file query.txt (compact mmCIF, C-alpha atoms)
# COMPACT_ATOMS: atom_id res chain seq x y z
CA MET A 1 -53.89 85.14 -7.43
CA TYR A 2 -53.25 84.93 -3.67
CA SER A 3 -50.40 87.44 -3.32
CA ILE A 4 -51.66 90.68 -1.77
CA GLY A 5 -49.27 93.58 -2.34
CA LEU A 6 -49.09 96.13 0.49
CA ASP A 7 -47.17 99.38 0.11
CA ILE A 8 -46.98 100.87 3.61
CA SER A 9 -46.57 104.51 4.57
CA LYS A 10 -47.02 106.38 7.84
CA SER A 11 -50.79 106.97 7.56
CA THR A 12 -51.97 104.83 4.63
CA ILE A 13 -51.48 101.45 2.95
CA ASN A 14 -51.84 100.95 -0.79
CA VAL A 15 -53.24 97.48 -1.43
CA TYR A 16 -53.26 95.46 -4.64
CA VAL A 17 -55.66 92.50 -4.82
CA PRO A 18 -54.87 90.37 -7.92
CA PHE A 19 -58.16 88.39 -7.71
CA ASN A 20 -60.06 91.16 -9.52
CA ASP A 21 -57.17 93.53 -10.34
CA LEU A 22 -58.23 95.84 -7.52
CA ASP A 23 -56.27 98.82 -6.18
CA LEU A 24 -57.23 100.08 -2.72
CA VAL A 25 -56.01 102.70 -0.28
CA ILE A 26 -56.73 102.13 3.41
CA GLU A 27 -55.65 103.81 6.62
CA ASN A 28 -52.70 102.29 8.43
CA ASN A 29 -54.53 101.12 11.53
CA LEU A 30 -56.09 97.98 12.98
CA LYS A 31 -59.69 98.96 12.16
CA SER A 32 -58.92 99.38 8.44
CA LEU A 33 -57.00 96.10 8.32
CA LYS A 34 -59.99 94.27 9.82
CA SER A 35 -62.23 95.82 7.18
CA LEU A 36 -59.78 94.83 4.41
CA TYR A 37 -59.65 91.25 5.69
CA SER A 38 -63.45 91.06 5.64
CA LYS A 39 -63.45 92.16 1.97
CA LEU A 40 -60.78 89.59 1.13
CA LYS A 41 -62.88 86.87 2.76
CA LYS A 42 -65.80 87.75 0.48
CA HIS A 43 -63.54 87.55 -2.61
CA TYR A 44 -61.51 84.46 -1.76
CA LYS A 45 -64.05 82.58 0.42
CA LYS A 46 -62.67 79.08 1.14
CA ASP A 47 -59.30 80.03 -0.30
CA ILE A 48 -58.72 82.75 2.30
CA ASP A 49 -56.06 80.60 3.98
CA LYS A 50 -53.98 80.68 0.78
CA LEU A 51 -53.45 84.44 0.99
CA VAL A 52 -49.95 85.86 1.37
CA PHE A 53 -49.35 89.47 2.42
CA VAL A 54 -46.28 90.86 0.64
CA TYR A 55 -44.73 94.02 2.06
CA GLU A 56 -41.50 95.76 3.01
CA PRO A 57 -40.62 96.19 6.70
CA THR A 58 -40.90 99.92 7.43
CA GLY A 59 -40.15 100.02 11.14
CA ASN A 60 -43.08 101.14 13.27
CA TYR A 61 -45.26 101.76 10.20
CA SER A 62 -45.41 98.04 9.36
CA SER A 63 -45.77 96.79 12.95
CA VAL A 64 -49.60 96.94 12.83
CA ILE A 65 -49.71 94.64 9.78
CA LYS A 66 -47.22 92.23 11.33
CA LYS A 67 -49.22 91.93 14.55
CA PHE A 68 -52.51 91.62 12.64
CA ALA A 69 -51.10 88.85 10.41
CA ALA A 70 -49.74 87.02 13.45
CA ASN A 71 -53.12 87.17 15.22
CA LYS A 72 -55.10 86.11 12.12
CA ASN A 73 -52.58 83.42 11.12
CA ILE A 74 -51.98 85.10 7.73
CA LYS A 75 -48.84 84.06 5.84
CA CYS A 76 -46.49 86.88 4.87
CA PHE A 77 -43.54 87.42 2.56
CA ILE A 78 -41.59 90.28 4.14
CA VAL A 79 -39.43 91.76 1.39
CA ASN A 80 -36.01 93.30 1.83
CA PRO A 81 -36.17 96.93 0.49
CA LYS A 82 -32.99 96.43 -1.55
CA GLN A 83 -34.48 93.28 -3.05
CA SER A 84 -37.68 95.07 -4.08
CA SER A 85 -35.67 97.92 -5.63
CA ASN A 86 -33.69 95.43 -7.74
CA PHE A 87 -36.88 93.56 -8.72
CA SER A 88 -38.54 96.83 -9.77
CA LYS A 89 -35.63 97.57 -12.10
CA ALA A 90 -35.64 94.00 -13.43
CA ILE A 91 -39.30 94.18 -14.50
CA GLY A 92 -38.77 97.63 -16.03
CA GLN A 93 -41.03 99.59 -13.71
CA ARG A 94 -40.39 103.20 -14.70
CA ASN A 95 -43.20 105.02 -12.92
CA LYS A 96 -42.66 104.77 -9.19
CA ASN A 97 -45.74 105.53 -7.11
CA ASP A 98 -47.65 103.86 -4.29
CA VAL A 99 -50.12 102.09 -6.60
CA ASN A 100 -47.39 100.63 -8.82
CA ASP A 101 -45.29 99.68 -5.79
CA ALA A 102 -48.18 97.66 -4.32
CA ARG A 103 -48.61 95.87 -7.65
CA MET A 104 -44.86 95.25 -7.91
CA LEU A 105 -44.78 93.78 -4.38
CA SER A 106 -47.60 91.41 -5.31
CA GLN A 107 -45.53 90.14 -8.26
CA MET A 108 -42.52 89.58 -5.99
CA ILE A 109 -44.09 86.39 -4.68
CA VAL A 110 -42.30 84.62 -7.57
CA THR A 111 -38.95 85.35 -5.88
CA ALA A 112 -39.95 83.88 -2.50
CA SER A 113 -38.74 80.53 -1.23
CA LYS A 114 -41.05 78.32 0.84
CA GLU A 115 -39.10 79.22 3.99
CA GLN A 116 -39.73 82.93 3.41
CA ILE A 117 -43.52 82.58 3.26
CA LYS A 118 -44.68 82.18 6.82
CA VAL A 119 -46.93 83.55 9.55
CA PRO A 120 -45.01 86.25 11.46
CA VAL A 121 -43.99 85.39 15.00
CA ILE A 122 -44.25 88.22 17.50
CA LYS A 123 -41.59 88.01 20.19
CA GLN A 124 -42.26 90.42 23.03
CA GLU A 125 -38.58 91.03 23.78
CA ILE A 126 -37.78 91.95 20.16
CA GLU A 127 -40.78 94.29 19.94
CA GLU A 128 -39.71 95.98 23.18
CA ILE A 129 -36.16 96.48 21.88
CA LYS A 130 -37.50 98.05 18.68
CA GLU A 131 -39.70 100.48 20.63
CA LEU A 132 -36.91 101.41 23.04
CA ILE A 133 -34.42 101.93 20.18
CA THR A 134 -36.94 104.22 18.46
CA TYR A 135 -37.23 106.28 21.63
CA TYR A 136 -33.44 106.29 22.00
CA GLN A 137 -33.16 107.72 18.46
CA PHE A 138 -35.68 110.41 19.42
CA LEU A 139 -33.59 111.39 22.47
CA ILE A 140 -30.41 111.58 20.39
CA LYS A 141 -32.16 113.84 17.87
CA GLN A 142 -33.39 116.11 20.66
CA LYS A 143 -29.93 116.30 22.20
CA SER A 144 -28.37 117.12 18.84
CA GLN A 145 -30.87 119.94 18.28
CA ASN A 146 -30.21 121.34 21.73
CA LYS A 147 -26.43 121.20 21.22
CA ASN A 148 -26.72 123.03 17.89
CA HIS A 149 -28.90 125.70 19.48
CA LEU A 150 -26.47 126.02 22.39
CA GLU A 151 -23.49 126.50 20.06
CA SER A 152 -25.43 129.18 18.19
CA LEU A 153 -26.24 131.04 21.43
CA ILE A 154 -22.68 130.84 22.72
CA ALA A 155 -21.29 132.06 19.37
CA LYS A 156 -23.38 135.22 19.46
CA ASP A 157 -22.99 135.72 23.23
CA GLY A 158 -26.69 134.99 23.90
CA ILE A 159 -28.72 135.17 27.09
CA SER A 160 -26.78 133.41 29.87
CA LYS A 161 -29.91 132.10 31.63
CA LEU A 162 -31.09 130.47 28.40
CA ILE A 163 -27.65 128.93 27.85
CA GLN A 164 -27.72 127.42 31.36
CA ARG A 165 -31.25 126.09 30.80
CA ILE A 166 -30.25 124.36 27.55
CA LYS A 167 -27.18 122.84 29.24
CA LYS A 168 -29.48 121.38 31.92
CA GLU A 169 -31.78 119.96 29.22
CA ILE A 170 -28.81 118.30 27.49
CA LYS A 171 -27.71 116.70 30.77
CA LEU A 172 -31.27 115.49 31.37
CA LEU A 173 -31.41 113.97 27.88
CA GLU A 174 -28.06 112.24 28.42
CA GLN A 175 -29.39 110.76 31.66
CA LYS A 176 -32.50 109.52 29.83
CA GLU A 177 -30.28 107.93 27.17
CA LYS A 178 -28.43 105.98 29.86
CA GLU A 179 -31.73 104.84 31.40
CA ILE A 180 -33.07 103.65 28.03
CA LEU A 181 -29.87 101.72 27.29
CA LEU A 182 -30.10 100.08 30.70
CA GLU A 183 -33.72 99.16 29.97
CA ILE A 184 -32.73 97.66 26.60
CA LYS A 185 -30.02 95.55 28.27
CA LYS A 186 -32.60 94.24 30.75
CA VAL A 187 -34.90 93.24 27.88
CA ILE A 188 -32.03 91.53 26.01
CA ALA A 189 -31.10 89.60 29.18
CA LYS A 190 -34.60 88.05 29.23
CA ASP A 191 -33.88 86.14 26.01
CA GLU A 192 -30.97 83.70 26.13
CA LYS A 193 -30.24 83.86 22.37
CA LEU A 194 -30.37 87.66 22.27
CA GLN A 195 -28.12 87.92 25.31
CA GLU A 196 -25.61 85.52 23.75
CA ALA A 197 -25.62 87.45 20.46
CA PHE A 198 -25.22 90.73 22.36
CA ILE A 199 -22.14 89.40 24.19
CA ASN A 200 -20.70 87.80 21.04
CA ILE A 201 -20.89 91.03 19.03
CA GLN A 202 -19.00 92.81 21.81
CA SER A 203 -16.18 90.30 21.41
CA ILE A 204 -15.07 92.42 18.43
CA LYS A 205 -12.45 94.80 19.81
CA SER A 206 -13.73 98.40 19.57
CA VAL A 207 -17.44 97.44 19.60
CA GLY A 208 -18.97 98.56 22.89
CA GLU A 209 -22.42 98.11 24.42
CA VAL A 210 -24.18 100.88 22.46
CA SER A 211 -22.75 99.71 19.12
CA ALA A 212 -23.64 96.09 19.95
CA ILE A 213 -27.24 97.06 20.83
CA VAL A 214 -27.70 99.02 17.60
CA LEU A 215 -26.12 96.29 15.46
CA LEU A 216 -28.21 93.60 17.17
CA HIS A 217 -31.36 95.63 16.51
CA HIS A 218 -30.29 96.11 12.87
CA PHE A 219 -29.77 92.35 12.37
CA ILE A 220 -33.08 91.49 14.08
CA GLN A 221 -34.97 94.00 11.95
CA TYR A 222 -33.60 92.51 8.72
CA SER A 223 -33.25 88.89 9.77
CA ASN A 224 -33.33 87.51 6.19
CA ALA A 225 -30.79 89.95 4.74
CA ASN A 226 -27.54 88.66 3.29
CA GLN A 227 -24.14 90.29 3.78
CA LYS A 228 -24.47 92.73 0.87
CA GLU A 229 -28.03 93.69 1.82
CA ILE A 230 -27.22 94.28 5.50
CA ILE A 231 -24.51 96.77 4.47
CA SER A 232 -26.94 98.48 2.11
CA LEU A 233 -29.61 98.69 4.82
CA ALA A 234 -27.11 100.52 7.03
CA GLY A 235 -26.65 103.04 4.19
CA LEU A 236 -22.98 102.06 3.73
CA ASP A 237 -23.22 100.74 0.18
CA PRO A 238 -21.14 102.71 -2.35
CA ILE A 239 -22.90 104.50 -5.21
CA GLU A 240 -21.10 105.88 -8.22
CA LYS A 241 -22.18 108.95 -10.16
CA SER A 242 -21.34 108.65 -13.83
CA SER A 243 -22.76 109.63 -17.20
CA GLY A 244 -21.33 108.22 -20.41
CA THR A 245 -17.54 108.35 -20.65
CA SER A 246 -17.00 112.03 -19.90
CA ILE A 247 -18.68 112.60 -16.54
CA LYS A 248 -17.57 110.64 -13.49
CA GLY A 249 -18.23 111.86 -9.97
CA ARG A 250 -16.73 110.69 -6.70
CA THR A 251 -18.04 107.43 -5.28
CA ARG A 252 -19.96 107.98 -2.05
CA ILE A 253 -22.09 105.96 0.34
CA SER A 254 -25.85 105.91 -0.24
CA LYS A 255 -26.87 106.96 3.32
CA ALA A 256 -30.20 105.30 2.50
CA GLY A 257 -30.26 103.14 5.62
CA SER A 258 -30.16 103.55 9.39
CA LYS A 259 -28.61 106.88 10.45
CA LEU A 260 -28.19 105.60 14.02
CA CYS A 261 -26.33 102.55 12.71
CA ARG A 262 -23.88 104.71 10.76
CA SER A 263 -23.40 107.04 13.73
CA VAL A 264 -22.40 104.31 16.20
CA LEU A 265 -20.32 102.51 13.57
CA PHE A 266 -18.36 105.69 12.91
CA MET A 267 -17.41 105.88 16.59
CA ALA A 268 -16.61 102.16 16.63
CA SER A 269 -14.40 102.57 13.56
CA LEU A 270 -12.43 105.37 15.24
CA ASN A 271 -11.76 103.05 18.18
CA ALA A 272 -10.98 100.16 15.83
CA THR A 273 -8.24 102.08 14.02
CA GLN A 274 -6.51 102.57 17.38
CA TYR A 275 -7.18 99.46 19.44
CA ASN A 276 -8.13 96.62 17.04
CA GLU A 277 -4.85 95.45 15.50
CA GLU A 278 -6.44 93.66 12.52
CA LEU A 279 -8.73 96.53 11.56
CA LYS A 280 -5.93 99.00 12.23
CA ARG A 281 -3.69 97.17 9.73
CA PHE A 282 -6.56 97.08 7.22
CA TYR A 283 -7.10 100.84 7.65
CA ASN A 284 -3.39 101.65 7.31
CA ARG A 285 -3.11 99.46 4.21
CA LEU A 286 -5.87 101.45 2.54
CA LYS A 287 -4.20 104.72 3.53
CA ASP A 288 -0.84 103.51 2.19
CA ASN A 289 -2.58 102.69 -1.11
CA GLY A 290 -3.67 106.31 -1.43
CA LYS A 291 -7.22 106.07 -0.13
CA HIS A 292 -8.68 109.19 1.49
CA THR A 293 -9.08 109.04 5.29
CA THR A 294 -12.90 109.13 5.04
CA VAL A 295 -12.95 106.33 2.44
CA ALA A 296 -10.71 104.17 4.63
CA GLN A 297 -12.87 104.92 7.69
CA ILE A 298 -16.07 103.88 5.86
CA ALA A 299 -14.34 100.69 4.70
CA VAL A 300 -13.62 99.86 8.36
CA MET A 301 -17.27 100.55 9.21
CA ARG A 302 -18.34 98.07 6.53
CA LYS A 303 -15.92 95.44 7.85
CA ILE A 304 -17.35 95.81 11.37
CA VAL A 305 -20.88 95.26 10.01
CA VAL A 306 -19.82 92.22 7.98
CA ILE A 307 -17.93 90.60 10.88
CA ALA A 308 -20.69 91.36 13.43
CA HIS A 309 -23.34 89.98 11.05
CA SER A 310 -21.37 86.76 10.57
CA ILE A 311 -20.98 86.44 14.35
CA TYR A 312 -24.73 87.01 14.81
CA LYS A 313 -25.73 84.52 12.08
CA ASN A 314 -23.34 81.77 13.16
CA ASN A 315 -23.59 82.29 16.92
CA GLU A 316 -19.85 82.62 17.45
CA ILE A 317 -17.32 84.97 19.01
CA TYR A 318 -14.68 87.06 17.29
CA ASP A 319 -11.61 85.08 16.37
CA GLU A 320 -8.65 86.90 14.81
CA GLU A 321 -7.53 84.00 12.61
CA ARG A 322 -11.03 83.11 11.41
CA PHE A 323 -11.94 86.68 10.43
CA LYS A 324 -8.68 87.50 8.68
CA ARG A 325 -10.36 86.53 5.40
CA TYR A 326 -12.62 89.59 5.73
CA LEU A 327 -9.60 91.88 5.94
call {"tool": "encode", "arguments": {"input": "query.txt", "output": "structure tokens"}}
result
Amino acid sequence: MYSIGLDISKSTINVYVPFNDLDLVIENNLKSLKSLYSKLKKHYKKDIDKLVFVYEPTGNYSSVIKKFAANKNIKCFIVNPKQSSNFSKAIGQRNKNDVNDARMLSQMIVTASKEQIKVPVIKQEIEEIKELITYYQFLIKQKSQNKNHLESLIAKDGISKLIQRIKKEIKLLEQKEKEILLEIKKVIAKDEKLQEAFINIQSIKSVGEVSAIVLLHHFIQYSNANQKEIISLAGLDPIEKSSGTSIKGRTRISKAGSKLCRSVLFMASLNATQYNEELKRFYNRLKDNGKHTTVAQIAVMRKIVVIAHSIYKNNEIYDEERFKRYL
């Protein structure tokens, strides 16, 4: 009765209110949330404090709800996307749409532990890191587009002045990337726990500052995720294409999670197979067993995530003997 399902998109939020089996669609902004809360007060009256907002974290799209709930002291159950997908299958939800998703999220309250139902805490440093990482992703995308355009111009012997201009833009974007990373490090340094986690993650040989920042952001964003879920949320979980007994496709990664996370992990895995003796042995063992180079590389990427996540959760540094069990 008190579990409000919220399916969040860029511009709208589908809301399910179980009190009177009500489906609503509101705009994803502060004004609409205030109006929704006023309606909920009229329905629930003295029981308003029993309400729990249930939703999936969707990056910047869900930040308005999180801040609103924190300010209004509203309890929330923030659901892991992988968890909600599994729950949807478990209850036999066949028709996936925003209305049904909001209703499904409301039902997910039965899976929540007491520790998971709480008023969100807004930490300024964490919010700043999220915003800076988002801008960093935007810069990388711009640089990639410029590089692709530059390659196209060079290939067809395009206008030299335009080629020079694009080269200057790429250099400018690279400089901005450096500035943003420096800004992120300054923000991390303000928080003792974040700074310690940032340093600890870098204790893994082959994981540099950029990889550590992205991994730290990934772990902060999905703070309640377990080992399997954190891999899935990076888009590194394997999916198998098969139909009956006659059709079986190649296993591939889902790519359903963070593209930035996969990008930096790929570079880290290349370094790991050269300079990290434990991961290098793991990689070579897979190759010796007949695994394709790409498959072995992805396996190394997963191991880096698993080890870094354990280090983050347990506040420890990389120890070769301790982490041998992961390899």
call {"tool": "closest_residue", "arguments": {"input": "query.txt", "among": "A:Glu196, A:Asp21, A:Asp191, A:Glu56", "to": "Ile317 of chain A", "atoms": "only C-alpha atoms"}}
result
A:Glu196
call {"tool": "closest_residue", "arguments": {"input": "query.txt", "among": "A:Phe282, A:Tyr44, A:Phe138, A:Tyr222", "to": "Lys259 of chain A", "atoms": "all atoms listed in the file"}}
result
A:Phe138
call {"tool": "closest_atom_pairs", "arguments": {"input": "query.txt", "of": "segment 188-236 of chain A", "to": "segment 159-183 of chain A", "cutoff": "12 Å", "atoms": "all atoms listed in the file", "output": "CSV"}}
result
residue,atom,partner,partner_atom,distance
A:Ile188,CA,A:Glu183,CA,8.8
A:Ala189,CA,A:Glu183,CA,9.9
A:Lys190,CA,A:Glu183,CA,11.2
A:Glu209,CA,A:Leu181,CA,8.8
A:Val210,CA,A:Leu181,CA,7.5
A:Ser211,CA,A:Leu181,CA,11.0
A:Ala212,CA,A:Leu181,CA,11.2
A:Ile213,CA,A:Leu181,CA,8.4
A:Val214,CA,A:Leu181,CA,10.3
call {"tool": "residues_around", "arguments": {"input": "query.txt", "residues": "segment 23-37 of chain A", "least_positions_apart": "6", "cutoff": "10 Å", "atoms": "only C-alpha atoms", "output": "list of chain:residue names"}}
result
A:Gly5, A:Leu6, A:Asp7, A:Ile8, A:Ser9, A:Lys10, A:Ser11, A:Thr12, A:Ile13, A:Asn14, A:Val15, A:Tyr16, A:Val17, A:His43, A:Ile48, A:Tyr61, A:Ser62, A:Ser63, A:Val64, A:Ile65, A:Lys67, A:Phe68, A:Ala69, A:Lys72, A:Asp98, A:Val99, A:Asn100, A:Ala102, A:Arg103
call {"tool": "closest_residue", "arguments": {"input": "query.txt", "among": "A:Ile91, A:Asn289, A:Glu229, A:Lys41", "to": "Val79 of chain A", "atoms": "all atoms listed in the file"}}
result
A:Glu229
call {"tool": "axis_aligned_box", "arguments": {"input": "query.txt", "around": "segment 289-301 of chain A", "padding_each_side": "3 Å", "output": "AutoDock Vina command-line options"}}
result
--center_x -9.9 --center_y 104.5 --center_z 3.9 --size_x 20.7 --size_y 15.3 --size_z 16.6
